[in-house]
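Enquirer: Next comes the structure file target12.tsv, holding TSV, C-alpha atoms and all ligand atoms.
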chain	number	residue	atom	x	y	z
A	194	MET	CA	1.65	-83.43	58.47
A	195	SER	CA	-2.12	-84.01	58.64
A	196	GLN	CA	-4.65	-86.74	58.03
A	197	ASP	CA	-6.72	-84.47	55.78
A	198	ILE	CA	-7.84	-85.58	52.34
A	199	TYR	CA	-7.23	-82.86	49.76
A	200	VAL	CA	-9.29	-82.75	46.58
A	201	VAL	CA	-7.90	-80.71	43.70
A	202	ILE	CA	-10.97	-79.15	42.07
A	203	GLU	CA	-11.08	-79.22	38.28
A	204	HIS	CA	-12.88	-76.38	36.58
A	205	LEU	CA	-12.91	-74.82	33.18
A	206	ARG	CA	-14.43	-71.52	32.11
A	207	GLY	CA	-16.54	-71.12	35.22
A	208	GLN	CA	-17.83	-74.70	35.31
A	209	VAL	CA	-16.73	-77.18	37.94
A	210	ALA	CA	-16.17	-80.59	36.33
A	211	ASP	CA	-18.30	-83.49	37.59
A	212	ILE	CA	-15.14	-85.42	38.49
A	213	SER	CA	-14.47	-82.82	41.21
A	214	TYR	CA	-17.75	-83.72	42.95
A	215	THR	CA	-17.06	-87.44	42.44
A	216	MET	CA	-13.70	-86.93	44.20
A	217	LEU	CA	-15.32	-85.01	47.06
A	218	ALA	CA	-17.70	-87.96	47.52
A	219	GLY	CA	-14.71	-90.34	47.57
A	220	ALA	CA	-12.89	-88.12	50.06
A	221	ARG	CA	-15.92	-88.19	52.34
A	222	GLU	CA	-15.77	-91.97	52.37
A	223	LEU	CA	-12.03	-91.99	53.05
A	224	SER	CA	-11.76	-89.22	55.64
A	225	PRO	CA	-13.39	-90.93	58.68
A	226	ALA	CA	-10.92	-93.83	58.52
A	227	ALA	CA	-8.02	-91.48	57.88
A	228	GLY	CA	-9.15	-89.29	60.76
A	229	GLY	CA	-8.91	-85.97	58.95
A	230	LYS	CA	-11.05	-83.41	57.14
A	231	VAL	CA	-12.17	-83.21	53.53
A	232	VAL	CA	-10.45	-80.17	52.06
A	233	ALA	CA	-11.33	-78.88	48.59
A	234	VAL	CA	-8.35	-77.17	46.97
A	235	LEU	CA	-9.52	-74.54	44.52
A	236	LEU	CA	-6.96	-72.81	42.29
A	237	GLY	CA	-8.12	-69.87	40.20
A	238	HIS	CA	-8.51	-66.14	39.92
A	239	ASN	CA	-11.67	-64.45	41.18
A	240	ALA	CA	-13.15	-67.93	41.31
A	241	LYS	CA	-14.14	-68.21	44.96
A	242	ASP	CA	-17.86	-68.50	44.08
A	243	LEU	CA	-17.25	-71.88	42.47
A	244	ALA	CA	-16.87	-73.38	45.94
A	245	LYS	CA	-20.40	-72.76	47.17
A	246	ASP	CA	-21.77	-76.30	46.76
A	247	PHE	CA	-18.69	-78.37	47.63
A	248	ALA	CA	-19.38	-81.15	50.15
A	249	ALA	CA	-16.15	-80.35	51.99
A	250	ASP	CA	-15.26	-79.46	55.58
A	251	GLN	CA	-13.12	-76.66	54.27
A	252	VAL	CA	-12.00	-75.00	51.05
A	253	LEU	CA	-8.43	-73.84	50.54
A	254	TYR	CA	-8.54	-71.15	47.90
A	255	LEU	CA	-5.38	-70.21	45.98
A	256	ASP	CA	-5.95	-67.02	44.02
A	257	HIS	CA	-3.46	-65.74	41.43
A	258	ALA	CA	-3.75	-64.23	37.96
A	259	ALA	CA	-1.55	-67.04	36.63
A	260	LEU	CA	-4.13	-69.56	37.90
A	261	ALA	CA	-7.04	-67.94	36.03
A	262	GLU	CA	-6.83	-70.71	33.43
A	263	PHE	CA	-5.32	-74.14	33.87
A	264	THR	CA	-1.70	-74.52	32.91
A	265	SER	CA	0.27	-77.48	34.13
A	266	ASP	CA	3.25	-75.31	35.08
A	267	ALA	CA	1.34	-72.96	37.37
A	268	TYR	CA	-0.68	-75.76	38.99
A	269	GLN	CA	2.46	-77.80	39.65
A	270	LEU	CA	4.25	-74.92	41.35
A	271	ALA	CA	1.27	-73.90	43.47
A	272	LEU	CA	0.41	-77.46	44.51
A	273	ALA	CA	4.00	-78.55	45.18
A	274	ASP	CA	4.28	-75.65	47.59
A	275	LEU	CA	0.96	-76.44	49.30
A	276	ILE	CA	1.59	-80.18	49.61
A	277	GLY	CA	5.12	-79.57	50.90
A	278	LYS	CA	3.79	-77.26	53.62
A	279	ASP	CA	0.65	-79.20	54.67
A	280	GLN	CA	1.61	-82.82	53.92
A	281	PRO	CA	-1.98	-84.12	53.85
A	282	ARG	CA	-2.78	-87.84	54.02
A	283	ALA	CA	-3.91	-87.92	50.38
A	284	ILE	CA	-4.39	-85.57	47.45
A	285	LEU	CA	-7.05	-86.58	44.93
A	286	PHE	CA	-6.90	-85.53	41.27
A	287	GLY	CA	-9.24	-86.37	38.38
A	288	ASN	CA	-7.87	-89.07	36.12
A	289	THR	CA	-8.29	-86.57	33.30
A	290	SER	CA	-5.86	-84.87	30.96
A	291	ILE	CA	-5.51	-82.11	33.58
A	292	GLY	CA	-5.30	-84.25	36.73
A	293	ALA	CA	-3.10	-87.00	35.30
A	294	ASP	CA	-0.69	-84.39	33.95
A	295	VAL	CA	-0.26	-82.55	37.25
A	296	ALA	CA	-0.34	-85.61	39.53
A	297	SER	CA	2.32	-87.54	37.62
A	298	VAL	CA	4.73	-84.60	37.60
A	299	LEU	CA	4.13	-83.87	41.30
A	300	SER	CA	4.78	-87.52	42.11
A	301	MET	CA	8.17	-87.22	40.50
A	302	ARG	CA	8.99	-83.76	41.87
A	303	LEU	CA	7.97	-84.52	45.44
A	304	GLY	CA	8.93	-88.20	45.47
A	305	LEU	CA	5.40	-89.21	46.49
A	306	PRO	CA	3.64	-92.47	45.52
A	307	LEU	CA	0.83	-92.16	42.96
A	308	VAL	CA	-2.22	-94.46	42.93
A	309	ASN	CA	-3.80	-94.31	39.47
A	310	SER	CA	-7.38	-94.84	38.25
A	311	CYS	CA	-8.89	-95.17	41.69
A	312	ARG	CA	-12.63	-95.80	41.50
A	313	SER	CA	-13.59	-95.83	45.17
A	314	PHE	CA	-12.38	-96.22	48.74
A	315	THR	CA	-13.41	-98.66	51.43
A	316	SER	CA	-14.43	-97.63	54.93
A	317	ASN	CA	-11.06	-98.91	56.23
A	318	ALA	CA	-9.14	-96.55	53.96
A	319	LYS	CA	-8.22	-98.95	51.17
A	320	PHE	CA	-8.40	-97.86	47.57
A	321	ILE	CA	-10.02	-99.79	44.73
A	322	SER	CA	-8.36	-99.12	41.39
A	323	GLN	CA	-9.15	-100.14	37.84
A	324	ILE	CA	-6.03	-101.75	36.41
A	325	CYS	CA	-5.21	-103.49	33.12
A	326	GLY	CA	-7.42	-101.05	31.27
A	327	GLY	CA	-10.35	-101.67	33.62
A	328	LYS	CA	-10.36	-105.46	33.35
A	329	ILE	CA	-9.17	-105.94	36.96
A	330	MET	CA	-10.18	-104.13	40.14
A	331	ALA	CA	-7.23	-103.97	42.53
A	332	GLU	CA	-7.59	-103.25	46.24
A	333	GLY	CA	-4.72	-101.89	48.29
A	334	GLU	CA	-3.57	-99.90	51.28
A	335	LEU	CA	-3.16	-96.22	50.59
A	336	PRO	CA	0.61	-95.60	50.72
A	337	SER	CA	1.78	-93.61	53.77
A	338	PRO	CA	2.32	-90.96	54.84
A	339	THR	CA	1.13	-88.92	51.83
A	340	ALA	CA	-0.33	-90.43	48.67
A	341	LEU	CA	-1.30	-88.86	45.38
A	342	VAL	CA	-4.36	-90.46	43.80
A	343	THR	CA	-6.06	-90.03	40.42
A	344	MET	CA	-9.76	-90.91	40.36
A	345	VAL	CA	-11.98	-92.20	37.57
A	346	PRO	CA	-15.75	-91.68	37.55
A	347	GLY	CA	-18.12	-94.52	38.36
A	348	GLY	CA	-17.57	-95.22	42.07
A	349	TYR	CA	-19.65	-92.28	43.30
A	350	SER	CA	-22.25	-90.06	41.72
A	351	PRO	CA	-21.29	-86.38	41.49
A	352	ASP	CA	-24.38	-85.51	43.55
A	353	GLN	CA	-22.81	-87.25	46.54
A	354	GLY	CA	-20.11	-84.59	46.46
A	355	ARG	CA	-22.51	-81.62	46.39
A	356	SER	CA	-23.86	-79.83	49.42
A	357	VAL	CA	-26.59	-77.24	49.98
A	358	ASP	CA	-24.44	-75.62	52.67
A	359	SER	CA	-21.43	-73.61	51.58
A	360	PRO	CA	-18.20	-74.77	53.23
A	361	PRO	CA	-15.88	-72.30	55.02
A	362	ILE	CA	-13.23	-70.87	52.69
A	363	ALA	CA	-9.68	-70.00	53.74
A	364	GLU	CA	-7.27	-68.25	51.40
A	365	SER	CA	-3.94	-70.00	51.08
A	366	ALA	CA	-0.68	-68.30	50.12
A	367	VAL	CA	0.47	-68.80	46.53
A	368	PRO	CA	4.20	-69.00	45.77
A	369	ALA	CA	5.80	-66.84	43.09
A	370	LEU	CA	4.41	-67.94	39.72
A	371	GLU	CA	6.65	-66.00	37.40
A	372	ALA	CA	8.56	-67.20	34.35
A	373	LEU	CA	6.10	-69.95	33.58
A	374	ARG	CA	7.14	-72.00	30.60
A	375	VAL	CA	3.59	-72.54	29.33
A	376	THR	CA	0.74	-70.04	29.12
A	377	LEU	CA	-2.66	-70.31	27.50
A	378	SER	CA	-2.85	-68.46	24.20
A	379	LYS	CA	-6.48	-69.19	23.26
A	380	TYR	CA	-9.35	-71.64	23.48
A	381	ILE	CA	-10.44	-73.37	20.32
A	382	GLU	CA	-14.20	-73.82	20.54
A	383	PRO	CA	-15.87	-76.88	19.04
A	384	GLU	CA	-17.98	-76.44	15.93
A	385	SER	CA	-20.64	-73.99	17.06
A	386	ALA	CA	-23.47	-75.37	14.95
A	387	ASP	CA	-23.16	-78.81	16.49
A	388	VAL	CA	-25.13	-80.31	19.36
A	389	ASP	CA	-23.79	-80.74	22.87
A	390	ILE	CA	-23.94	-84.51	23.37
A	391	SER	CA	-23.36	-84.13	27.13
A	392	LYS	CA	-26.85	-82.63	27.41
A	393	GLU	CA	-28.79	-84.93	25.06
A	394	PRO	CA	-31.30	-87.35	26.64
A	395	LEU	CA	-31.09	-90.02	23.94
A	396	LEU	CA	-27.85	-91.00	22.26
A	397	ILE	CA	-27.26	-93.45	19.42
A	398	ALA	CA	-23.57	-94.30	19.70
A	399	VAL	CA	-21.68	-96.04	16.93
A	400	GLY	CA	-18.33	-97.77	17.13
A	401	ARG	CA	-15.89	-99.43	14.78
A	402	GLY	CA	-18.58	-102.04	14.09
A	403	ILE	CA	-20.35	-99.48	11.85
A	404	GLN	CA	-17.58	-100.28	9.34
A	405	ASN	CA	-17.57	-97.20	7.09
A	406	GLN	CA	-18.72	-93.62	6.73
A	407	ASP	CA	-21.67	-94.44	4.48
A	408	ASN	CA	-23.20	-96.56	7.23
A	409	ILE	CA	-23.40	-93.55	9.58
A	410	GLU	CA	-26.60	-92.78	7.64
A	411	LEU	CA	-28.20	-95.81	9.26
A	412	ALA	CA	-27.49	-94.43	12.70
A	413	ASP	CA	-28.77	-91.00	11.62
A	414	ALA	CA	-32.00	-92.55	10.39
A	415	LEU	CA	-32.49	-94.40	13.66
A	416	ALA	CA	-31.70	-91.24	15.64
A	417	GLN	CA	-34.28	-89.29	13.65
A	418	ALA	CA	-36.91	-91.98	14.06
A	419	ILE	CA	-36.40	-92.14	17.81
A	420	GLY	CA	-35.64	-88.45	18.47
A	421	GLY	CA	-31.99	-88.95	19.43
A	422	VAL	CA	-28.55	-87.74	18.44
A	423	VAL	CA	-25.66	-89.74	16.98
A	424	CYS	CA	-22.33	-89.90	18.79
A	425	ALA	CA	-19.37	-92.26	18.53
A	426	SER	CA	-16.37	-94.03	19.93
A	427	ARG	CA	-12.88	-92.89	19.03
A	428	PRO	CA	-12.15	-95.02	15.95
A	429	VAL	CA	-15.16	-93.46	14.21
A	430	ILE	CA	-14.01	-89.94	15.09
A	431	ASP	CA	-10.38	-90.70	14.19
A	432	GLN	CA	-11.55	-91.76	10.75
A	433	GLY	CA	-13.28	-88.38	10.38
A	434	TRP	CA	-16.72	-89.96	9.91
A	435	LEU	CA	-18.20	-87.67	12.58
A	436	SER	CA	-16.92	-84.43	14.10
A	437	THR	CA	-14.86	-84.47	17.30
A	438	SER	CA	-17.73	-82.84	19.18
A	439	ARG	CA	-19.49	-86.24	18.94
A	440	LEU	CA	-16.70	-88.17	20.67
A	441	VAL	CA	-17.71	-89.99	23.86
A	442	GLY	CA	-14.95	-90.99	26.24
A	443	LYS	CA	-11.79	-90.04	28.02
A	444	SER	CA	-10.64	-87.78	25.21
A	445	GLY	CA	-14.14	-86.60	24.41
A	446	LYS	CA	-17.25	-85.89	26.43
A	447	GLN	CA	-18.83	-87.42	29.49
A	448	VAL	CA	-22.49	-88.12	28.72
A	449	LYS	CA	-25.49	-88.84	30.93
A	450	PRO	CA	-28.47	-89.51	28.65
A	451	LYS	CA	-31.59	-91.31	29.79
A	452	VAL	CA	-30.82	-93.92	27.12
A	453	TYR	CA	-27.43	-94.75	25.58
A	454	PHE	CA	-27.74	-97.09	22.62
A	455	ALA	CA	-24.27	-98.53	21.86
A	456	MET	CA	-23.92	-100.20	18.46
A	457	GLY	CA	-20.73	-101.99	17.49
A	458	ILE	CA	-18.84	-100.61	20.49
A	459	SER	CA	-16.65	-103.05	22.44
A	460	GLY	CA	-16.73	-101.15	25.76
A	461	ALA	CA	-13.09	-100.16	26.25
A	462	PRO	CA	-12.45	-98.46	29.62
A	463	GLU	CA	-11.67	-95.13	27.93
A	464	HIS	CA	-15.15	-95.21	26.42
A	465	VAL	CA	-17.06	-96.72	29.32
A	466	GLU	CA	-15.80	-94.24	31.92
A	467	ALA	CA	-17.77	-91.54	30.13
A	468	ILE	CA	-21.12	-93.33	29.97
A	469	THR	CA	-21.55	-94.73	33.48
A	470	GLN	CA	-24.00	-92.01	34.41
A	471	SER	CA	-26.40	-92.98	31.61
A	472	GLY	CA	-29.86	-94.05	32.75
A	473	THR	CA	-30.14	-97.19	30.63
A	474	ILE	CA	-27.43	-98.60	28.40
A	475	ILE	CA	-28.53	-100.82	25.53
A	476	ALA	CA	-25.76	-102.62	23.63
A	477	VAL	CA	-25.75	-104.39	20.29
A	478	ASN	CA	-22.65	-106.41	19.53
A	479	THR	CA	-21.83	-109.62	17.67
A	480	ASP	CA	-19.29	-110.63	20.33
A	481	PRO	CA	-20.98	-112.12	23.43
A	482	LYS	CA	-17.82	-111.39	25.45
A	483	ALA	CA	-17.70	-107.69	24.57
A	484	PRO	CA	-17.18	-105.76	27.86
A	485	ILE	CA	-19.98	-103.36	26.95
A	486	PHE	CA	-22.41	-106.13	27.97
A	487	ASP	CA	-21.03	-105.92	31.55
A	488	ILE	CA	-22.51	-102.47	32.01
A	489	ALA	CA	-25.50	-102.65	29.63
A	490	LYS	CA	-28.94	-103.10	31.13
A	491	TYR	CA	-30.14	-104.68	27.88
A	492	GLY	CA	-27.82	-106.47	25.48
A	493	VAL	CA	-28.48	-107.90	22.04
A	494	GLN	CA	-25.93	-110.27	20.56
A	495	MET	CA	-26.42	-109.78	16.84
A	496	ASP	CA	-25.26	-107.96	13.75
A	497	LEU	CA	-26.17	-104.32	14.15
A	498	PHE	CA	-27.03	-104.05	10.46
A	499	GLU	CA	-29.73	-106.67	10.84
A	500	LEU	CA	-31.25	-104.81	13.77
A	501	VAL	CA	-30.99	-101.16	12.83
A	502	GLU	CA	-32.96	-101.13	9.61
A	503	VAL	CA	-35.78	-103.20	11.08
A	504	LEU	CA	-35.89	-101.07	14.24
A	505	THR	CA	-35.86	-97.81	12.29
A	506	GLY	CA	-38.61	-99.11	10.00
A	507	GLN	CA	-40.80	-100.13	12.94
A	508	LEU	CA	-40.29	-96.83	14.75
A	509	LYS	CA	-41.18	-94.88	11.61
A	510	ALA	CA	-44.28	-96.99	11.08
A	511	LYS	CA	-45.49	-96.13	14.60
A	512	VAL	CA	-45.29	-92.35	14.06
B	1	LIG	C1	-5.38	-92.31	26.18
B	1	LIG	C2	-6.53	-92.93	25.43
B	1	LIG	C3	-7.69	-92.21	25.31
B	1	LIG	C4	-8.78	-92.76	24.64
B	1	LIG	N1	-9.94	-92.04	24.57
B	1	LIG	C5	-11.01	-92.62	24.02
B	1	LIG	C6	-12.26	-91.93	24.00
B	1	LIG	O1	-12.39	-90.79	24.44
B	1	LIG	N2	-13.32	-92.59	23.48
B	1	LIG	C7	-13.26	-93.84	22.97
B	1	LIG	O2	-14.27	-94.37	22.52
B	1	LIG	N3	-12.09	-94.49	22.95
B	1	LIG	C8	-10.97	-93.91	23.45
B	1	LIG	N4	-9.79	-94.58	23.41
B	1	LIG	C9	-9.71	-95.80	22.60
B	1	LIG	C10	-10.22	-97.04	23.32
B	1	LIG	O3	-9.16	-97.65	24.04
B	1	LIG	C11	-10.77	-98.08	22.31
B	1	LIG	O4	-9.77	-98.38	21.38
B	1	LIG	C12	-12.01	-97.61	21.58
B	1	LIG	O5	-12.99	-97.14	22.48
B	1	LIG	C13	-12.60	-98.78	20.80
B	1	LIG	O6	-13.66	-98.32	20.03
B	1	LIG	P1	-14.76	-99.32	19.50
B	1	LIG	O7	-15.43	-99.99	20.65
B	1	LIG	O8	-15.61	-98.56	18.54
B	1	LIG	O9	-13.89	-100.33	18.64
B	1	LIG	P2	-13.49	-101.84	18.91
B	1	LIG	O10	-12.87	-102.00	20.24
B	1	LIG	O11	-12.74	-102.29	17.72
B	1	LIG	O12	-14.88	-102.60	18.97
B	1	LIG	C14	-15.75	-102.76	17.88
B	1	LIG	C15	-16.87	-103.65	18.36
B	1	LIG	O13	-17.84	-103.77	17.34
B	1	LIG	C16	-18.32	-105.11	17.34
B	1	LIG	N5	-18.85	-105.35	16.02
B	1	LIG	C17	-18.16	-105.46	14.85
B	1	LIG	N6	-19.02	-105.62	13.83
B	1	LIG	C18	-20.27	-105.59	14.35
B	1	LIG	C19	-21.57	-105.72	13.80
B	1	LIG	N7	-21.77	-105.85	12.47
B	1	LIG	N8	-22.64	-105.66	14.63
B	1	LIG	C20	-22.48	-105.51	15.98
B	1	LIG	N9	-21.26	-105.39	16.56
B	1	LIG	C21	-20.16	-105.44	15.75
B	1	LIG	C22	-17.11	-105.96	17.70
B	1	LIG	O14	-17.51	-107.21	18.24
B	1	LIG	C23	-16.40	-105.08	18.73
B	1	LIG	O15	-16.83	-105.40	20.05
B	1	LIG	C24	-8.69	-94.05	24.07
B	1	LIG	C25	-7.51	-94.76	24.19
B	1	LIG	C26	-6.44	-94.22	24.87
B	1	LIG	C27	-5.19	-95.03	25.01
Could you render the structure from this file as C-alpha cells?
Ligand SMILES: Cc1cc2nc3c(=O)[nH]c(=O)nc-3n(C[C@H](O)[C@H](O)[C@H](O)COP(=O)(O)OP(=O)(O)OC[C@H]3O[C@@H](n4cnc5c(N)ncnc54)[C@H](O)[C@@H]3O)c2cc1C
Expert:
Amino acid sequence: MSQDIYVVIEHLRGQVADISYTMLAGARELSPAAGGKVVAVLLGHNAKDLAKDFAADQVLYLDHAALAEFTSDAYQLALADLIGKDQPRAILFGNTSIGADVASVLSMRLGLPLVNSCRSFTSNAKFISQICGGKIMAEGELPSPTALVTMVPGGYSPDQGRSVDSPPIAESAVPALEALRVTLSKYIEPESADVDISKEPLLIAVGRGIQNQDNIELADALAQAIGGVVCASRPVIDQGWLSTSRLVGKSGKQVKPKVYFAMGISGAPEHVEAITQSGTIIAVNTDPKAPIFDIAKYGVQMDLFELVEVLTGQLKAKV
C-alpha cells in the first residue's frame, strides 16, 4: 500500500489527451496532503516518448502489443493487476468514454469506491465533484484506503500538468493479455474535408434554439462575416443539421477558441465541459436562467434571430 496518486494517461494515435495533463495537475495538488508521489501510468506499445512532458514524480510504463490501442479489456486487466500490487492512495481517470468505462469496471472488479466527475482537490485532500449534472458542487473526503476517481476538465488548466523536465520512467510488468474479448478492428476517420473545430480560434456555436436546418444558414453567414466556423450542441448534430465533426461536448470535441459565441445553447454540463478553455464566451439566450450565462463573459438575453441578422449586416458593412 502507498500514498501515491496514480494518473492513468489517456492517449490516442500518438497524442496525449488534455485531460491527462489536467489530472496530473490535480494529482500535484492532492499528493502533498496524501504524502505520496504523483505517478503517471502510461499503457501502450513503443509509446514511452509520450511521457516526456508529464509533470509527474515518476512514470510507470506498461508496454505490450495488446496495449498499442485502447481496448477496455486490455486496460482493465493491466490496471487491475497494477492496482492490486501497488494499492496506491488514488487512481485518477478522465471522465471520458475511455476513463469512465475502465474506472467503473475496475471499481466493481476490485471492490474499490469510485468518485465520479471530480473537478478539483483541496489542499487537505478533499475532492470537489460536479453532481446533479453539474448543478451542485459536492465536497467530500477521499475514501480510504484506495479510491478510484474520474476527473472532468475545468478545475486545472492542462498546462499545469506539463513540465519541461522529463520525469524518470520505470517499466512495470504487464500480466498475460491473451484471449481478449474485444480488439480494435479499425478507426473510422471523420469527414476529411471538414475543419477541425478544436483548432479554430473563433467558433459560432448553435444549439436547439436555432430551431431548424434552414436557420443554420444564418449562423454560416455570421461565421463568414466574422471569419469563424460553425459548430453545435448535440441536438443539432443528432438532427443531422451539421456533421458530427462539428459536435462540441462530452461526445464530441473539446474546443479552446479565443471566442466562443453560443447561440440558443442552454449550457448543459456535457456541453460546457468542452468549452471551459475558451478565451471569451459570449452567450445569446432568451432564458435569463440558462446555465450558459454562468460561464459566459458576456451574455445577451434576447431572441437570437433578432440579433444575428443585424450583427451579420453590421459586420458585412464594416468590411
Ligand atoms: C452521455 C451524454 C453525452 C452528451 N454529450 C453531449 C455533447 O457532446 N454535446 C452536447 O452539446 N450535449 C451533449 N449531451 C446532451 C446535453 O445533456 C444537452 O441535452 C444538450 O447539450 C442540450 O443542447 P442545447 O443547449 O442545444 O439544447 P437545450 O438544452 O434544449 O437548450 C436550448 C436553449 O436555446 C434557448 N433558446 C430557444 N430559442 C431561442 C431563441 N430564439 N433565441 C435564443 N435562445 C433560444 C433556450 O432558452 C435554451 O436555453 C450529452 C448528454 C449525455 C447524457
Enquirer: List all protein, DNA and RNA residues that have at least one atom no more than 7 Å from any atom of ligand LIG 1 (chain B), counting all atoms listed in the file, and write them as a ChimeraX atom specification.
Expert: /A:399-403,425-429,440-445,456-464,477-480,483,495-498
Enquirer: What's around range 287-299 of chain A at 7 Å? Count all atoms listed in the file, leave out sequence neighbours fewer than 4 positions away in its own chain, and write the answer as a ChimeraX atom specification.
Expert: /A:212-213,265,269,273,303,310,341,343-345
Enquirer: If we count only C-alpha atoms, what is near Asp358 in chain A at a cut-off of 10 Å, once residues fewer than 5 positions away on the same chain are taken out, given as a ChimeraX atom specification?
Expert: /A:245-249
Enquirer: Take the residues from that selection and put them in a file with C-alpha atoms, as a compact mmCIF listing (two decimals), keeping the file's coordinate frame.
Expert:
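To be explicit, this is the file written out as result_19.txt:
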# COMPACT_ATOMS: atom_id res chain seq x y z
CA LYS A 245 -20.40 -72.76 47.17
CA ASP A 246 -21.77 -76.30 46.76
CA PHE A 247 -18.69 -78.37 47.63
CA ALA A 248 -19.38 -81.15 50.15
CA ALA A 249 -16.15 -80.35 51.99
Enquirer: Pick out the closest residue to Tyr268 in chain A from this set: A:Met330, A:Val367, A:Val209, A:Leu305. Count all atoms listed in the file.
Expert: A:Val367
Enquirer: Show me, as a list in words, the residues that have an atom within 9 Å of Asp352 in chain A when counting only C-alpha atoms, minus same-chain residues fewer than 3 positions from it.
Expert: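 The neighbour list is Asp211, Tyr214, Thr215, Ala218, Tyr349, Arg355 and Ser356 of chain A.
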Enquirer: Which is closest to Ala412 in chain A among A:Asp431, A:Glu382, A:Glu502, A:Glu371, if we use all atoms listed in the file?
Expert: A:Glu502
Enquirer: Please identify all polymer residues within 12 Å of range 259-263 of chain A, counting all atoms listed in the file, omitting same-chain residues fewer than 5 positions from it, and present them as a PyMOL selection string.
Expert: chain A and resi 202-208+235-241+254+268-272+290-292+294-295+367-380
Enquirer: Just the residues within 8 Å of Lys230 in chain A, please, counting all atoms listed in the file, with nothing from its chain fewer than 6 positions along; format it as a PDB file with C-alpha atoms, keeping the file's coordinate frame.
Expert:
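And here is the file that came out, selection.pdb:
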ATOM      1  CA  GLN A 196      -4.650 -86.740  58.030  1.00  0.00           C
ATOM      2  CA  ASP A 197      -6.720 -84.470  55.780  1.00  0.00           C
ATOM      3  CA  ILE A 198      -7.840 -85.580  52.340  1.00  0.00           C
ATOM      4  CA  SER A 224     -11.760 -89.220  55.640  1.00  0.00           C
ATOM      5  CA  ALA A 249     -16.150 -80.350  51.990  1.00  0.00           C
ATOM      6  CA  ASP A 250     -15.260 -79.460  55.580  1.00  0.00           C
ATOM      7  CA  GLN A 251     -13.120 -76.660  54.270  1.00  0.00           C
TER       8      GLN A 251
END
Enquirer: Measuring atom to atom with only C-alpha atoms, identify which of A:Gly506, A:Gln432, A:Arg302, A:Ile397 is nearest to Ala476 in chain A.
Expert: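 Nearest to Ala476 in chain A: A:Ile397.
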Enquirer: Restricting the calculation to all atoms listed in the file: of A:Phe314, A:Tyr453, A:Phe320, A:Phe486, which residue gets closest to Glu393 in chain A?
Expert: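 Selected residue with least distance to Glu393 in chain A: A:Tyr453.
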Enquirer: By how many Å are CA of Ile474 in chain A and CA of Ile321 in chain A apart?
Expert: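 CA of Ile474 in chain A sits 23.9 Å away from CA of Ile321 in chain A.
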Enquirer: Figure out the distance between CA of Leu504 in chain A and CA of Ser436 in chain A, please, to one decimal in Å.
Expert: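 Spanning CA of Ser436 in chain A to CA of Leu504 in chain A is a straight-line distance of 25.2 Å.
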Enquirer: May I have the protein, DNA and RNA residues with any atom at most 12 Å from the point (-25.9, -103.2, 33.6), counting all atoms listed in the file, written as a CSV table (one decimal) with C-alpha atoms, in the coordinates of the input?
Expert:
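The result, written out as part02.csv:
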chain,number,residue,atom,x,y,z
A,453,TYR,CA,-27.4,-94.8,25.6
A,465,VAL,CA,-17.1,-96.7,29.3
A,468,ILE,CA,-21.1,-93.3,30.0
A,469,THR,CA,-21.6,-94.7,33.5
A,470,GLN,CA,-24.0,-92.0,34.4
A,471,SER,CA,-26.4,-93.0,31.6
A,472,GLY,CA,-29.9,-94.0,32.8
A,473,THR,CA,-30.1,-97.2,30.6
A,474,ILE,CA,-27.4,-98.6,28.4
A,475,ILE,CA,-28.5,-100.8,25.5
A,476,ALA,CA,-25.8,-102.6,23.6
A,484,PRO,CA,-17.2,-105.8,27.9
A,485,ILE,CA,-20.0,-103.4,27.0
A,486,PHE,CA,-22.4,-106.1,28.0
A,487,ASP,CA,-21.0,-105.9,31.6
A,488,ILE,CA,-22.5,-102.5,32.0
A,489,ALA,CA,-25.5,-102.6,29.6
A,490,LYS,CA,-28.9,-103.1,31.1
A,491,TYR,CA,-30.1,-104.7,27.9
A,492,GLY,CA,-27.8,-106.5,25.5
Enquirer: Hey, which of A:Ala331, A:Leu243, A:Leu255, A:Ala340 ends up closest to Leu307 in chain A? Count all atoms listed in the file.
Expert: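 Ranking A:Ala331, A:Leu243, A:Leu255, A:Ala340 by distance to Leu307 in chain A, first place goes to A:Ala340.
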Enquirer: Hey, which of A:Ala258, A:Pro351, A:Ile381, A:Asp274 ends up closest to Ala210 in chain A? Count all atoms listed in the file.
Expert: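 For Ala210 in chain A, the nearest of the candidates is A:Pro351.
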Enquirer: To one decimal in Å, tell me the separation between CA of Ala418 in chain A and CA of Thr505 in chain A.
Expert: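 Those two atoms sit 6.2 Å apart.
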Enquirer: May I have the residues at most 12 Å from (-32.8, -90.1, 13.5) in the file's coordinates, counting only C-alpha atoms, as an mmCIF file with C-alpha atoms, in the frame of the given file?
Expert:
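Produced file part33.cif, reproduced below:
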data_model
loop_
_atom_site.group_PDB
_atom_site.id
_atom_site.type_symbol
_atom_site.label_atom_id
_atom_site.label_comp_id
_atom_site.auth_asym_id
_atom_site.auth_seq_id
_atom_site.Cartn_x
_atom_site.Cartn_y
_atom_site.Cartn_z
ATOM 1 C CA LEU A 395 -31.090 -90.020 23.940
ATOM 2 C CA LEU A 396 -27.850 -91.000 22.260
ATOM 3 C CA ILE A 397 -27.260 -93.450 19.420
ATOM 4 C CA ALA A 398 -23.570 -94.300 19.700
ATOM 5 C CA ILE A 409 -23.400 -93.550 9.580
ATOM 6 C CA GLU A 410 -26.600 -92.780 7.640
ATOM 7 C CA LEU A 411 -28.200 -95.810 9.260
ATOM 8 C CA ALA A 412 -27.490 -94.430 12.700
ATOM 9 C CA ASP A 413 -28.770 -91.000 11.620
ATOM 10 C CA ALA A 414 -32.000 -92.550 10.390
ATOM 11 C CA LEU A 415 -32.490 -94.400 13.660
ATOM 12 C CA ALA A 416 -31.700 -91.240 15.640
ATOM 13 C CA GLN A 417 -34.280 -89.290 13.650
ATOM 14 C CA ALA A 418 -36.910 -91.980 14.060
ATOM 15 C CA ILE A 419 -36.400 -92.140 17.810
ATOM 16 C CA GLY A 420 -35.640 -88.450 18.470
ATOM 17 C CA GLY A 421 -31.990 -88.950 19.430
ATOM 18 C CA VAL A 422 -28.550 -87.740 18.440
ATOM 19 C CA VAL A 423 -25.660 -89.740 16.980
ATOM 20 C CA CYS A 424 -22.330 -89.900 18.790
ATOM 21 C CA VAL A 501 -30.990 -101.160 12.830
ATOM 22 C CA GLU A 502 -32.960 -101.130 9.610
ATOM 23 C CA LEU A 504 -35.890 -101.070 14.240
ATOM 24 C CA THR A 505 -35.860 -97.810 12.290
ATOM 25 C CA GLY A 506 -38.610 -99.110 10.000
ATOM 26 C CA LEU A 508 -40.290 -96.830 14.750
ATOM 27 C CA LYS A 509 -41.180 -94.880 11.610
#
